[in-house]
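Student: So here's model_19.txt (compact mmCIF, C-alpha atoms).
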# COMPACT_ATOMS: atom_id res chain seq x y z
CA MET M 22 -1.81 23.74 1.22
CA ALA M 23 1.29 22.07 -0.12
CA THR M 24 4.60 23.31 1.24
CA ARG M 25 7.69 23.98 -0.85
CA ILE M 26 8.96 20.54 0.16
CA ASP M 27 5.74 18.97 -1.11
CA ARG M 28 6.03 20.78 -4.43
CA ALA M 29 9.67 19.72 -4.75
CA GLY M 30 8.60 16.15 -4.05
CA GLU M 31 5.97 16.35 -6.76
CA LEU M 32 8.63 17.59 -9.18
CA ILE M 33 10.93 14.68 -8.25
CA GLU M 34 8.13 12.13 -8.51
CA GLY M 35 7.00 13.52 -11.87
CA MET M 36 3.32 13.35 -10.96
CA LYS M 37 0.89 15.59 -9.11
CA ARG M 38 -1.73 13.66 -7.18
CA LYS M 39 -4.67 14.73 -5.08
CA ARG M 40 -3.79 14.94 -1.40
CA LYS M 41 -5.75 14.27 1.74
CA GLU M 42 -5.01 14.63 5.44
CA LEU M 43 -5.65 11.41 7.33
CA PHE M 44 -5.59 11.13 11.12
CA THR M 45 -4.27 7.98 12.75
CA PRO M 46 -6.01 6.55 15.86
CA GLU M 47 -3.31 8.31 17.92
CA GLY M 48 -4.35 11.65 16.42
CA VAL M 49 -1.23 12.13 14.26
CA PRO M 50 -2.08 13.80 10.91
CA LEU M 51 -0.59 12.17 7.81
CA ASP M 52 -0.57 13.75 4.37
CA ILE M 53 -1.45 10.95 1.92
CA GLN M 54 -1.55 10.95 -1.87
CA ILE M 55 -4.67 9.51 -3.52
CA ALA M 56 -3.91 7.04 -6.31
CA GLY M 57 -4.88 8.27 -9.76
CA HIS M 58 -7.20 6.56 -12.22
CA GLY M 59 -4.34 5.62 -14.54
CA GLU M 60 -2.28 4.13 -11.71
CA ARG M 61 -5.17 2.01 -10.46
CA LEU M 62 -6.02 0.85 -13.98
CA THR M 63 -2.39 -0.08 -14.65
CA ALA M 64 -2.18 -2.04 -11.40
CA PHE M 65 -5.43 -3.84 -12.24
CA ILE M 66 -4.21 -4.76 -15.72
CA ILE M 67 -0.98 -6.16 -14.26
CA ASP M 68 -2.99 -8.20 -11.76
CA MET M 69 -5.22 -9.47 -14.56
CA VAL M 70 -2.16 -10.61 -16.52
CA PHE M 71 -0.86 -12.50 -13.49
CA MET M 72 -4.31 -13.93 -12.78
CA ILE M 73 -4.82 -15.11 -16.37
CA ALA M 74 -1.35 -16.68 -16.31
CA VAL M 75 -2.31 -18.62 -13.18
CA ILE M 76 -5.61 -19.74 -14.72
CA TYR M 77 -3.91 -20.91 -17.92
CA GLY M 78 -1.24 -22.68 -15.90
CA LEU M 79 -3.93 -24.57 -14.00
CA TYR M 80 -5.71 -25.19 -17.29
CA LEU M 81 -2.63 -26.86 -18.80
CA ILE M 82 -2.16 -28.97 -15.68
CA LEU M 83 -5.81 -30.03 -15.87
CA LEU M 84 -5.46 -30.95 -19.54
CA MET M 85 -2.54 -33.23 -18.73
CA LEU M 86 -4.56 -34.84 -15.94
CA LEU M 87 -7.61 -35.33 -18.16
CA PHE M 88 -5.65 -37.18 -20.80
CA SER M 89 -5.49 -40.91 -20.34
CA ARG M 90 -4.45 -43.86 -22.39
CA THR M 91 -8.06 -44.59 -23.28
CA GLY M 92 -8.79 -41.09 -24.51
CA LEU M 93 -9.99 -37.73 -23.26
CA VAL M 94 -12.59 -37.26 -20.56
CA SER M 95 -15.81 -35.51 -21.62
CA PHE M 96 -15.16 -31.99 -22.97
CA LYS M 97 -18.14 -30.57 -21.09
CA ILE M 98 -16.85 -31.90 -17.79
CA GLY M 99 -13.43 -30.41 -18.49
CA MET M 100 -14.85 -27.00 -19.38
CA THR M 101 -17.01 -27.01 -16.25
CA ILE M 102 -13.93 -27.65 -14.11
CA ILE M 103 -11.99 -24.94 -15.93
CA LEU M 104 -14.75 -22.36 -15.39
CA PHE M 105 -14.98 -23.29 -11.74
CA ILE M 106 -11.23 -22.93 -11.26
CA ALA M 107 -11.29 -19.57 -13.06
CA PHE M 108 -14.08 -18.37 -10.75
CA ILE M 109 -12.16 -19.44 -7.64
CA VAL M 110 -8.88 -17.83 -8.78
CA ARG M 111 -10.67 -14.65 -9.86
CA ASN M 112 -12.25 -14.19 -6.46
CA LEU M 113 -9.41 -15.38 -4.23
CA TYR M 114 -6.53 -13.64 -6.03
CA PHE M 115 -7.24 -10.14 -4.68
CA LEU M 116 -8.45 -11.42 -1.31
CA HIS M 117 -5.33 -13.50 -0.72
CA PHE M 118 -2.76 -10.85 -1.63
CA GLU M 119 -4.50 -7.90 0.05
CA LEU M 120 -4.82 -9.93 3.26
CA ALA M 121 -1.29 -11.36 3.13
CA TRP M 122 0.49 -8.21 1.91
CA GLN M 123 -1.40 -5.62 3.98
CA GLY M 124 -3.51 -4.11 1.19
CA ARG M 125 -1.19 -4.78 -1.73
CA THR M 126 -1.37 -7.09 -4.74
CA PRO M 127 1.47 -7.77 -7.19
CA GLY M 128 0.06 -5.07 -9.48
CA LYS M 129 -0.30 -2.56 -6.64
CA ARG M 130 3.21 -3.33 -5.41
CA ILE M 131 4.70 -2.73 -8.88
CA CYS M 132 2.77 0.56 -9.17
CA SER M 133 3.55 1.57 -5.55
CA LEU M 134 -0.09 1.57 -4.45
CA ARG M 135 -1.71 0.38 -1.26
CA VAL M 136 -5.18 -0.10 0.20
CA ILE M 137 -5.69 1.61 3.57
CA SER M 138 -8.60 2.23 5.91
CA ARG M 139 -10.30 5.59 5.40
CA ALA M 140 -10.74 5.80 9.19
CA GLY M 141 -6.95 5.90 9.63
CA GLY M 142 -6.71 2.64 11.59
CA GLU M 143 -5.38 -0.77 10.66
CA LEU M 144 -6.76 -2.38 7.52
CA SER M 145 -9.07 -5.11 8.82
CA PRO M 146 -9.76 -8.44 7.07
CA SER M 147 -13.49 -7.64 6.99
CA ALA M 148 -12.78 -4.44 5.03
CA VAL M 149 -10.65 -6.36 2.51
CA VAL M 150 -13.36 -8.98 2.07
CA ALA M 151 -16.09 -6.35 1.69
CA ARG M 152 -14.22 -4.32 -0.95
CA ASN M 153 -13.43 -7.41 -3.01
CA LEU M 154 -16.86 -9.03 -2.92
CA THR M 155 -18.21 -6.23 -5.11
CA ARG M 156 -15.48 -6.67 -7.75
CA GLU M 157 -17.52 -9.40 -9.45
CA VAL M 158 -20.43 -6.98 -9.91
CA GLU M 159 -18.27 -3.96 -10.76
CA ILE M 160 -15.91 -5.48 -13.33
CA PHE M 161 -16.42 -9.11 -14.28
CA LEU M 162 -20.22 -9.01 -14.57
CA PRO M 163 -20.24 -5.97 -16.92
CA LEU M 164 -17.45 -7.55 -18.94
CA GLY M 165 -19.37 -10.82 -19.25
CA LEU M 166 -22.58 -9.02 -20.23
CA PHE M 167 -20.74 -6.93 -22.80
CA LEU M 168 -19.27 -10.04 -24.42
CA SER M 169 -22.61 -11.85 -24.37
CA ILE M 170 -24.66 -9.14 -26.12
CA ASP M 171 -24.82 -9.25 -29.90
CA ALA M 172 -26.84 -7.41 -32.54
CA GLU M 173 -29.44 -10.16 -32.88
CA SER M 174 -30.15 -11.09 -29.26
CA ALA M 175 -29.70 -7.76 -27.46
CA ALA M 176 -32.70 -7.78 -25.14
CA LEU M 177 -33.76 -4.62 -23.31
CA GLY M 178 -33.25 -6.30 -19.94
CA LYS M 179 -29.66 -7.22 -20.73
CA VAL M 180 -28.92 -3.69 -21.91
CA ALA M 181 -30.42 -2.21 -18.74
CA LEU M 182 -28.45 -4.63 -16.56
CA LEU M 183 -25.27 -3.79 -18.45
CA GLY M 184 -25.92 -0.07 -17.94
CA TRP M 185 -26.44 -0.56 -14.20
CA ALA M 186 -23.26 -2.59 -13.84
CA ALA M 187 -21.31 -0.11 -15.98
CA ALA M 188 -22.45 2.74 -13.70
CA LEU M 189 -20.81 0.95 -10.76
CA THR M 190 -17.66 0.42 -12.80
CA VAL M 191 -17.20 4.12 -13.66
CA LEU M 192 -18.05 5.32 -10.12
CA PRO M 193 -14.40 6.23 -9.33
CA LEU M 194 -14.52 8.81 -12.12
CA PHE M 195 -17.21 10.81 -10.34
CA ASN M 196 -15.90 11.30 -6.80
CA ARG M 197 -12.95 13.31 -5.52
CA GLU M 198 -11.18 10.43 -3.80
CA HIS M 199 -11.52 7.95 -6.70
CA LEU M 200 -13.50 5.48 -4.60
CA ARG M 201 -15.12 2.47 -6.22
CA ALA M 202 -18.23 0.80 -4.79
CA GLY M 203 -16.08 -1.72 -2.91
CA ASP M 204 -14.17 1.12 -1.24
CA LEU M 205 -17.40 2.78 -0.14
CA ILE M 206 -18.74 -0.47 1.31
CA GLY M 207 -15.48 -1.57 2.94
CA GLY M 208 -14.40 1.88 4.17
CA THR M 209 -11.12 1.67 2.26
CA GLN M 210 -9.07 3.83 -0.08
CA VAL M 211 -6.19 3.27 -2.49
CA ILE M 212 -3.22 5.58 -1.96
CA ALA M 213 0.09 6.07 -3.75
CA LEU M 214 3.41 5.34 -2.05
CA PRO M 215 5.99 7.11 -4.23
CA LYS M 216 9.34 5.35 -4.54
CA ARG M 217 11.42 8.23 -3.30
CA VAL M 218 15.02 7.81 -2.26
CA LEU M 219 15.58 8.85 1.34
CA LEU M 220 17.73 11.94 1.16
CA GLY M 221 20.93 12.07 3.13
CA ASP M 222 20.89 15.59 4.54
CA LEU M 223 19.11 14.54 7.73
CA THR M 224 21.78 11.96 8.55
CA GLU M 225 24.53 14.34 7.41
CA GLN M 226 23.11 16.94 9.74
CA ARG M 227 23.34 14.44 12.59
CA MET M 228 26.97 13.67 11.73
CA SER M 229 27.80 17.40 11.70
CA HIS M 230 26.30 17.71 15.16
CA ARG M 231 28.88 15.27 16.46
CA THR M 232 31.70 17.57 15.40
CA VAL M 233 30.47 20.30 17.74
CA ALA M 234 30.36 17.90 20.71
CA LEU M 235 26.68 17.80 21.59
CA PRO M 236 26.08 16.86 25.22
CA LYS M 237 24.45 13.56 24.33
CA ASN M 238 23.78 11.26 21.40
CA TYR M 239 20.96 8.76 21.68
CA ILE M 240 21.91 5.13 21.08
CA PHE M 241 19.33 2.48 20.15
CA THR M 242 19.48 -1.29 20.33
CA HIS M 243 18.92 -3.63 17.38
CA GLU M 244 15.64 -4.81 18.93
CA GLN M 245 14.37 -1.22 19.15
CA LEU M 246 15.32 -0.50 15.54
CA ALA M 247 13.74 -3.74 14.30
CA ILE M 248 10.22 -2.57 15.19
CA TYR M 249 9.74 -0.13 12.30
CA GLY M 250 10.10 -0.46 8.52
CA ASN M 251 10.67 1.63 5.41
CA PHE M 252 7.17 3.13 5.39
CA GLU M 253 7.43 4.48 8.95
CA LEU M 254 10.92 5.81 8.19
CA GLN M 255 9.57 7.78 5.24
CA VAL M 256 6.74 9.17 7.38
CA LEU M 257 9.25 10.26 10.05
CA GLU M 258 11.41 11.91 7.39
CA GLU M 259 8.46 13.91 6.07
CA ILE M 260 7.62 15.06 9.59
CA LEU M 261 11.22 16.09 10.33
CA ARG M 262 11.31 18.13 7.12
CA ARG M 263 8.30 20.24 8.04
CA PRO M 264 8.97 23.89 8.96
CA ALA M 265 9.63 24.64 12.63
CA ASN M 266 6.37 26.24 13.74
CA VAL M 267 4.28 25.69 16.86
CA GLU M 268 2.00 23.11 15.23
CA ASN M 269 4.87 21.00 13.92
CA VAL M 270 6.80 21.24 17.21
CA ASN M 271 3.76 19.83 18.99
CA LEU M 272 3.53 17.11 16.34
CA LEU M 273 7.19 16.19 16.91
CA THR M 274 6.47 15.85 20.63
CA VAL M 275 3.52 13.53 19.98
CA VAL M 276 5.56 11.41 17.55
CA CYS M 277 8.46 11.24 20.01
CA VAL M 278 6.16 9.99 22.77
CA LYS M 279 4.65 7.36 20.47
CA ILE M 280 8.06 6.10 19.33
CA CYS M 281 9.39 5.94 22.89
CA ARG M 282 6.36 3.95 23.96
CA LYS M 283 6.59 1.62 20.96
CA ILE M 284 10.30 0.82 21.29
CA GLY M 285 10.26 0.69 25.09
CA TRP M 286 12.43 3.78 25.68
CA ASP M 287 12.14 4.36 29.44
CA GLU M 288 14.48 7.33 29.78
CA PRO M 289 12.59 10.66 29.53
CA VAL M 290 13.41 12.88 26.57
CA PRO M 291 13.60 16.59 27.49
CA PRO M 292 11.39 18.82 25.31
CA GLU M 293 14.41 20.70 23.97
CA ASP M 294 15.93 17.36 22.82
CA THR M 295 12.86 16.08 20.98
CA ARG M 296 14.07 16.92 17.48
CA ARG M 297 17.58 15.63 18.17
CA PHE M 298 16.16 12.39 19.58
CA LEU M 299 14.07 11.90 16.43
CA ASN M 300 17.03 12.81 14.20
CA ASP M 301 19.21 10.26 15.98
CA PHE M 302 16.47 7.64 15.77
CA TYR M 303 15.96 8.41 12.07
CA ALA M 304 19.68 8.06 11.32
CA ALA M 305 20.01 4.84 13.31
CA GLU M 306 16.82 3.35 11.81
CA ARG M 307 17.87 4.22 8.29
CA ALA M 308 21.33 2.71 8.78
CA ASN M 309 19.75 -0.45 10.21
CA LEU M 310 17.32 -0.83 7.30
CA GLU M 311 19.99 -0.15 4.68
CA ARG M 312 22.29 -2.69 6.34
CA SER M 313 19.48 -5.27 6.33
CA GLN M 314 18.76 -4.63 2.65
CA LEU M 315 22.39 -5.37 1.79
CA PHE M 316 21.76 -8.90 3.05
CA GLY M 317 18.50 -9.19 1.13
CA ASN M 318 16.23 -8.53 4.13
CA VAL M 319 13.47 -6.03 3.40
CA ARG M 320 10.89 -4.77 5.86
CA GLU M 321 8.28 -2.54 4.25
CA ASP M 322 6.45 -1.50 7.42
CA LYS M 323 6.03 -2.39 11.07
CA SER M 324 3.15 -4.81 10.36
CA THR M 325 5.18 -7.06 8.04
CA ALA M 326 7.98 -9.45 8.85
CA LEU M 327 11.37 -9.37 7.18
CA LYS M 328 11.26 -10.59 3.58
CA ARG M 329 14.15 -12.23 1.86
Would you mind giving the structure from this file in C-alpha cells?
Tutor:
Amino acid sequence: MATRIDRAGELIEGMKRKRKELFTPEGVPLDIQIAGHGERLTAFIIDMVFMIAVIYGLYLILLMLLFSRTGLVSFKIGMTIILFIAFIVRNLYFLHFELAWQGRTPGKRICSLRVISRAGGELSPSAVVARNLTREVEIFLPLGLFLSIDAESAALGKVALLGWAAALTVLPLFNREHLRAGDLIGGTQVIALPKRVLLGDLTEQRMSHRTVALPKNYIFTHEQLAIYGNFELQVLEEILRRPANVENVNLLTVVCVKICRKIGWDEPVPPEDTRRFLNDFYAAERANLERSQLFGNVREDKSTALKR
C-alpha cells in the first residue's frame, strides 16, 4: 500500500506507475516502479533513431570508400556490405550500451529507465545477452515480415509466421510487470527511475540539530563518501522518509550496518543513534555529490565510475 509520501511523489512526478517490492541479496526491501508501455516504447523509438543515424553514417562512409577514380564498385557488393553492417549495429547497439551503462541505453537514459535483475541482485552480462538475443525475433523479424507481405504473394505460411512473431511482440501488454520475452528468458525487468529533486528538509533537519548541541556529529572522509552515487542516495532518502514504526526502525538498522560495512566504518553506532548516523551520512553524501556535479563529475550509482 502506498504511503502518503508515495502518493505525493506520484503527484510530483505526474505519473502513476505500477509498483513492486524487490528484495536485494542482503534482504533489504526496495519499492520499485515498473516502467510503463509508453515509456518503454518512447525509449525504443529514441534508440532506433540513434541506431538508424549510426547506420546511415556508416553507409555514407562506405559510399565514399566505394567510389574510385575508375568508377563505382558493384552495387550488389555494396548493398551486401550495408546489410551486414546494419545487422551488426542492430544487434550490438543494445548489447553494448546495456553492458557498459549498467542496463541503460541512450533512449532509456533519456526516459529515466533501467534494466535490473528480477532476482534483486546485480545485472549480469549473461542476462543482458539473453534478453537482447530475442529482440531480433520479437521486433525486427515481425517488422521484416510485415514489409515483405503484399496482396499478391501473401502465403499462408508467411501470415502464420507473422502472427507468431507478433504474439511475442505484444507479450508485454498481457502481463502485470510488462515483461517481454527477452525479460522472461534473461530474468530481467525494466523499471522507472523518476528524476526527482532531492528535497532539502532532511539536510535542514540535520543543520537544526546542530543548534541544540547534539552530543556527537558523524564526520565522513572523502573516500567513504565516494563509494555511493545518486541512485543509492535517493534510495536512502526514501528509507529515511518512511514513518517511524517497528518495521522501518529495523530496516534502518540493517541499512546502517550495510553502509558501515561498505564504507569501512569501524566505530560502533549505538542503536539510538542509527537514524542520526544515517541523516549525517545522507547530508554529507549529498553535499559531496552536489559539489562533484559543480565540476562536471557525475556518479549515477556505486557500480559506475565518475563521468565527466
Student: Let me make sure I understand: among M:Tyr239, M:Asn153, M:Arg111, M:Ile160, which one has the smallest atom-to-atom distance to Val70 in chain M if we use only C-alpha atoms?
Tutor: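 Closest to Val70 in chain M, using only C-alpha atoms: M:Arg111.
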Student: Kindly assemble as a tab-separated table a list of the range 62-166 of chain M residues that lie within 9 Å of range 188-199 of chain M, each paired with its nearest atom pair and their distance in Å to one decimal, using all atoms listed in the file, sorted first by chain and then by ascending residue number.
Tutor:
residue	atom	partner	partner_atom	distance
M:Arg156	CA	M:Thr190	CA	9.0
M:Val158	CA	M:Leu189	CA	8.0
M:Glu159	CA	M:Thr190	CA	4.9
M:Ile160	CA	M:Thr190	CA	6.2
M:Pro163	CA	M:Thr190	CA	8.0
Student: For each of M:Arg40, M:Thr242, M:Tyr114, M:Ile53, take the minimum atom-to-atom distance to Ala74 in chain M, counting all atoms listed in the file, then give the residue where this is smallest.
Tutor: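 So, comparing all the options, the nearest one is M:Tyr114.
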Student: Measure the distance from CA of Ala121 in chain M to CA of Met72 in chain M in Å and round it to one decimal.
Tutor: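 Spanning CA of Ala121 in chain M to CA of Met72 in chain M is a straight-line distance of 16.4 Å.
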Student: So the first atom is CA of Asn238 in chain M and the second is CA of Glu293 in chain M; what is the distance between them in Å, to one decimal place?
Tutor: 13.5 Å
Student: To one decimal place, how far is CA of Arg262 in chain M from CA of Trp286 in chain M in Å?
Tutor: 23.5 Å
Student: Which residues come within 9 Å of Phe302 in chain M, counting only C-alpha atoms, excluding same-chain residues fewer than 3 positions away, as a PyMOL selection string?
Tutor: chain M and resi 239-241+246+297-299+305-307
Student: Tell me, as a list of chain:residue names, which residues lie within 9 Å of Pro127 in chain M, counting all atoms listed in the file; anything in the same chain fewer than 4 positions away does not count.
Tutor: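 Once the adjacent positions are removed, what remains is M:Ala64, M:Ile67, M:Asp68, M:Phe71, M:Phe118, M:Ile131, M:Cys132.
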Student: Of the candidates M:Ile248, M:Leu113, M:Cys281, M:Leu257, which shows the shortest atom-to-atom distance to Val75 in chain M, using all atoms listed in the file?
Tutor: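 Nearest candidate to Val75 in chain M out of M:Ile248, M:Leu113, M:Cys281, M:Leu257: M:Leu113.
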Student: So, with all atoms listed in the file as the atoms that count, which of M:Leu200, M:Ala213, M:Leu43, M:Ala247 lies closest to Leu310 in chain M?
Tutor: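 Smallest distance to Leu310 in chain M is found for M:Ala247.
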Student: Hey, which of M:Ile206, M:Ala265, M:Ala140, M:Leu62 ends up closest to Leu154 in chain M? Count only C-alpha atoms.
Tutor: M:Ile206
Student: Name the residues in contact with Gln54 in chain M at a cut-off of 10 Å, using all atoms listed in the file, excluding same-chain residues fewer than 3 positions from it; report them as number ranges by chain.
Tutor: M: 37-42, 51, 57, 134, 198, 211-215
Student: Nearest residue to Glu259 in chain M out of M:Ile82, M:Val278, M:Ile98, M:Asp52, using all atoms listed in the file?
Tutor: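 Looking only at the distances to Glu259 in chain M, the closest residue turns out to be M:Asp52.
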